[in-house]
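A.B. asks: This is the structure I want to talk about, given as structure tokens.
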Amino acid sequence: MRVGFNPNKDKILSKSDFTHQVIVPVYIPHQNDYFKDCFQILRYCLESLITTSHAKTYITVVNNGSCDEVILYLNQLQLQGKIHEVIHTTAIGKLNAILKGLTGHQFPLITITDADVLFLNHWQKATYEVFEAFPKTGLVCTTPSSKSFNDKTFNIIIERLFSKTMAFTKVKNPAAFEAFATSIGNPNFYKPVHFEKYLTLTHHKVQAVVGAGHFVATYRGNIFSDLGVTATPFSLGGTSEAKILDLPVIRKGYWRLSTDDNYTYHLGNVQESWMQETFNTLKNEEKEIDFVLHKPLKRPSKFLFWLKNNVLEKLFYQKGIRRFFLKYKGLTTEEVVNY
């Protein structure tokens, strides 16, 4: 039986004070073998995120079937007001956990991060500068890579092909490249030349690296407004990451860029002494950071998208044309061969 009239019926929700959401999917089913150090790694991730994020940041953690110790920790963080939303699920897979975190919210910017990322001071400020400097930015990664320009970046390359604002420039933080290679268990991930130069865009004093990874990345919120995907059959990987995290950016005509310096570390699953040392240097950043997000782009036609990202891109990446481009944009003949 119902008596009376629900006062919330047809009531418009108040506009949120938060301007930036961060979604962290977490899967730590136990603390043995591969997952032995993962709980401490998660602490570095969340507590560095809490410390370095401004006050208008809404933190969502999706527990994707983790053990009781992790559940208790996450609930305590929420009760303390350090994170704003905890969603507990069974082990439904990383991308399905991310989709749950996206549902029910509308934020101008959304960061999606793995649970093994250490956030550094000024990561948001550096991210916002890229969005402001380059109106077509749809995604910003805070761990740059000299190899990223090869992946889903042709829309940038073809538009700035003859512009002096796109060129190979000196890598700002090569030590961070080495740290990333170590973190993924592949110390030979980069060739020597990759530590020297990366492809960048420049606008006044702001420089951004062409291309981006997605283990930690900040998106325009409208990228996810019409995904057409409610679930994926993959627990991890497969085609799900490209379909949900990568392709929607370029299909809407946006650019995938990275900051020119390193503002996040990928930690992996093994605790090392430098992680605590780095965490100890972090300073609290509660003050809101103002930013201007440019108006949404008009989505390109399916034909133009197909022509640019299938026909022209395949032609561009033929060996001879690619090498000509690399030299034209600032690499030496020897660097071109090894890049």
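The way I read the labels, and the way they are meant: chains A, B, ... in the order of the structure tokens, residue 1 as the first residue of every chain, and ligand 1 as the first ligand shown, with later ones counted on from there.
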Mind checking which residues fall within 12 Å of Thr281 (chain A), counting only C-alpha atoms, ignoring those fewer than 4 positions away in the same chain, and posting them as a tab-separated table (two decimals) with all heavy atoms, in the first residue's frame?
C.D. replies:
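New file selection30.tsv:
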chain	number	residue	atom	x	y	z
A	48	SER	N	47.46	8.00	-3.12
A	48	SER	CA	48.12	9.04	-3.93
A	48	SER	C	47.08	9.81	-4.73
A	48	SER	O	47.20	11.03	-4.90
A	48	SER	CB	49.16	8.41	-4.86
A	48	SER	OG	48.56	7.61	-5.88
A	51	THR	N	45.36	12.21	-2.32
A	51	THR	CA	46.26	13.30	-1.93
A	51	THR	C	46.43	14.32	-3.05
A	51	THR	O	46.46	15.54	-2.78
A	51	THR	CB	47.64	12.73	-1.55
A	51	THR	OG1	47.49	11.83	-0.45
A	51	THR	CG2	48.61	13.84	-1.16
A	52	THR	N	46.54	13.87	-4.28
A	52	THR	CA	46.91	14.77	-5.38
A	52	THR	C	45.74	15.32	-6.17
A	52	THR	O	45.94	16.09	-7.12
A	52	THR	CB	47.86	14.05	-6.35
A	52	THR	OG1	47.19	12.92	-6.93
A	52	THR	CG2	49.13	13.60	-5.64
A	118	LEU	N	50.39	5.07	-9.48
A	118	LEU	CA	50.75	6.05	-8.46
A	118	LEU	C	50.62	7.44	-9.08
A	118	LEU	O	51.28	7.75	-10.08
A	118	LEU	CB	52.19	5.82	-7.98
A	118	LEU	CG	52.71	6.79	-6.91
A	118	LEU	CD1	52.01	6.53	-5.58
A	118	LEU	CD2	54.21	6.64	-6.73
A	119	PHE	N	49.76	8.26	-8.51
A	119	PHE	CA	49.52	9.61	-9.02
A	119	PHE	C	50.49	10.59	-8.39
A	119	PHE	O	50.76	10.53	-7.19
A	119	PHE	CB	48.08	10.04	-8.72
A	119	PHE	CG	47.06	9.32	-9.53
A	119	PHE	CD1	46.63	8.04	-9.17
A	119	PHE	CD2	46.52	9.89	-10.68
A	119	PHE	CE1	45.69	7.37	-9.93
A	119	PHE	CE2	45.58	9.23	-11.44
A	119	PHE	CZ	45.17	7.95	-11.08
A	120	LEU	N	51.00	11.51	-9.20
A	120	LEU	CA	51.94	12.52	-8.74
A	120	LEU	C	51.26	13.88	-8.68
A	120	LEU	O	50.21	14.10	-9.31
A	120	LEU	CB	53.15	12.58	-9.67
A	120	LEU	CG	53.92	11.27	-9.87
A	120	LEU	CD1	55.09	11.49	-10.82
A	120	LEU	CD2	54.41	10.71	-8.54
A	121	ASN	N	51.85	14.80	-7.96
A	121	ASN	CA	51.31	16.15	-7.89
A	121	ASN	C	51.21	16.79	-9.27
A	121	ASN	O	52.05	16.56	-10.14
A	121	ASN	CB	52.17	17.02	-6.98
A	121	ASN	CG	51.95	16.72	-5.51
A	121	ASN	OD1	52.86	16.27	-4.81
A	121	ASN	ND2	50.73	16.93	-5.02
A	274	TRP	N	61.16	2.32	-3.91
A	274	TRP	CA	61.00	3.65	-4.49
A	274	TRP	C	59.55	4.12	-4.46
A	274	TRP	O	59.28	5.33	-4.45
A	274	TRP	CB	61.53	3.70	-5.92
A	274	TRP	CG	60.71	2.93	-6.93
A	274	TRP	CD1	60.89	1.65	-7.33
A	274	TRP	CD2	59.56	3.41	-7.64
A	274	TRP	NE1	59.93	1.28	-8.25
A	274	TRP	CE2	59.11	2.34	-8.46
A	274	TRP	CE3	58.87	4.63	-7.67
A	274	TRP	CZ2	58.00	2.46	-9.30
A	274	TRP	CZ3	57.76	4.74	-8.51
A	274	TRP	CH2	57.34	3.68	-9.31
A	275	MET	N	58.62	3.17	-4.41
A	275	MET	CA	57.19	3.54	-4.42
A	275	MET	C	56.83	4.30	-3.15
A	275	MET	O	56.18	5.34	-3.20
A	275	MET	CB	56.34	2.29	-4.57
A	275	MET	CG	56.56	1.54	-5.87
A	275	MET	SD	55.66	-0.03	-5.93
A	275	MET	CE	56.25	-0.70	-7.48
A	276	GLN	N	57.25	3.78	-2.00
A	276	GLN	CA	57.00	4.46	-0.73
A	276	GLN	C	57.75	5.79	-0.68
A	276	GLN	O	57.21	6.80	-0.21
A	276	GLN	CB	57.43	3.57	0.44
A	276	GLN	CG	57.14	4.18	1.81
A	276	GLN	CD	55.65	4.31	2.09
A	276	GLN	OE1	54.89	3.37	1.91
A	276	GLN	NE2	55.22	5.50	2.50
A	277	GLU	N	58.97	5.80	-1.18
A	277	GLU	CA	59.76	7.03	-1.18
A	277	GLU	C	59.08	8.11	-2.01
A	277	GLU	O	59.02	9.28	-1.61
A	277	GLU	CB	61.16	6.74	-1.72
A	277	GLU	CG	62.00	5.84	-0.81
A	277	GLU	CD	63.25	5.30	-1.50
A	277	GLU	OE1	63.49	5.69	-2.67
A	277	GLU	OE2	63.96	4.49	-0.89
A.B. asks: Write out as a VMD selection string the residues lying within 9 Å of Glu288 (chain A), counting only C-alpha atoms and excluding same-chain residues fewer than 2 positions away.
C.D. replies: chain A and resid 53 to 57 285 to 286 290
A.B. asks: For Leu297 (chain A), which of A:Arg2, A:Arg220, A:Lys172, A:His88 is the closest residue, counting only C-alpha atoms?
C.D. replies: A:Arg220
A.B. asks: Residues near Ser148 (chain A), anyone? I mean within 7 Å using only C-alpha atoms, not counting same-chain ones fewer than 2 positions away, as a count of residues only.
C.D. replies: 8
A.B. asks: Taking only C-alpha atoms into account, which of A:Phe224, A:Phe316, A:Val193, A:Val22 comes nearest Glu334 (chain A)?
C.D. replies: A:Val193
A.B. asks: What are the DSSP strand (DSSP E or B) residues of region 111-291 of chain A, as a PyMOL selection string?
C.D. replies: chain A and resi 111-113+117-119+137-141+166-170+197-203+206-210+216-220+255-259+264-266
A.B. asks: Using only C-alpha atoms, pick whichever of A:Phe39, A:Tyr339, A:Tyr254, A:Trp306 has the shortest atom-to-atom distance to Phe195 (chain A).
C.D. replies: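 Checking each of A:Phe39, A:Tyr339, A:Tyr254, A:Trp306 against Phe195 (chain A), counting only C-alpha atoms, the winner is A:Tyr339.
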A.B. asks: Measuring between only C-alpha atoms, which one of A:Ile59, A:Leu293, A:Ile244, A:Val3 shows the shortest distance to Lys82 (chain A)?
C.D. replies: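 Nearest candidate to Lys82 (chain A) out of A:Ile59, A:Leu293, A:Ile244, A:Val3: A:Ile59.
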A.B. asks: Measuring between only C-alpha atoms, which one of A:His214, A:Thr200, A:Cys67, A:Gln106 shows the shortest distance to Val140 (chain A)?
C.D. replies: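 Checking each candidate against Val140 (chain A), we get A:His214 as the closest.
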A.B. asks: Can you pull out every residue within 9 Å of Thr90 (chain A), counting only C-alpha atoms, but drop anything in the same chain fewer than 4 positions away, and send it as a ChimeraX atom specification?
C.D. replies: /A:63-66
A.B. asks: Could the residues in this selection be saved with N, CA, C and O atoms as a JSON list (two decimals), in the first residue's frame?
C.D. replies:
[["chain", "number", "residue", "atom", "x", "y", "z"],
["A", 63, "ASN", "N", 34.71, -2.41, -6.90],
["A", 63, "ASN", "CA", 35.30, -3.65, -6.41],
["A", 63, "ASN", "C", 34.78, -4.80, -7.26],
["A", 63, "ASN", "O", 33.62, -5.19, -7.16],
["A", 64, "ASN", "N", 35.67, -5.37, -8.04],
["A", 64, "ASN", "CA", 35.30, -6.38, -9.02],
["A", 64, "ASN", "C", 35.58, -7.78, -8.47],
["A", 64, "ASN", "O", 36.36, -8.55, -9.02],
["A", 65, "GLY", "N", 34.98, -8.10, -7.31],
["A", 65, "GLY", "CA", 35.16, -9.43, -6.73],
["A", 65, "GLY", "C", 36.43, -9.61, -5.93],
["A", 65, "GLY", "O", 37.08, -10.65, -6.00],
["A", 66, "SER", "N", 36.79, -8.60, -5.13],
["A", 66, "SER", "CA", 38.02, -8.67, -4.33],
["A", 66, "SER", "C", 37.77, -9.37, -2.99],
["A", 66, "SER", "O", 36.64, -9.62, -2.59]]
A.B. asks: Check the smallest atom-to-atom distance from each of A:Leu95, A:Gly138, A:Asp68, A:Lys100 to Lys295 (chain A) using only C-alpha atoms, then report the winner.
C.D. replies: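 When distances to Lys295 (chain A) are compared using only C-alpha atoms, the smallest one comes from A:Gly138.
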A.B. asks: Any idea what's packed within 8 Å of Asp261 (chain A), counting only C-alpha atoms, ignoring anything in its chain fewer than 3 positions away? Could you give it as a list of chain:residue names?
C.D. replies: A:Thr142, A:Thr143, A:Pro144, A:Lys172, A:Asn173
A.B. asks: Going by DSSP on the backbone, which bits of region 141-332 of chain A are alpha helix (DSSP H)? Write them as a VMD selection string, please.
C.D. replies: chain A and resid 154 to 159 174 to 183 240 to 241 247 to 251 273 to 280 302 to 306 313 to 316 319 to 328
A.B. asks: Between CA of Thr153 (chain A) and CA of Leu247 (chain A), what is the distance, to one decimal in Å?
C.D. replies: 10.7 Å
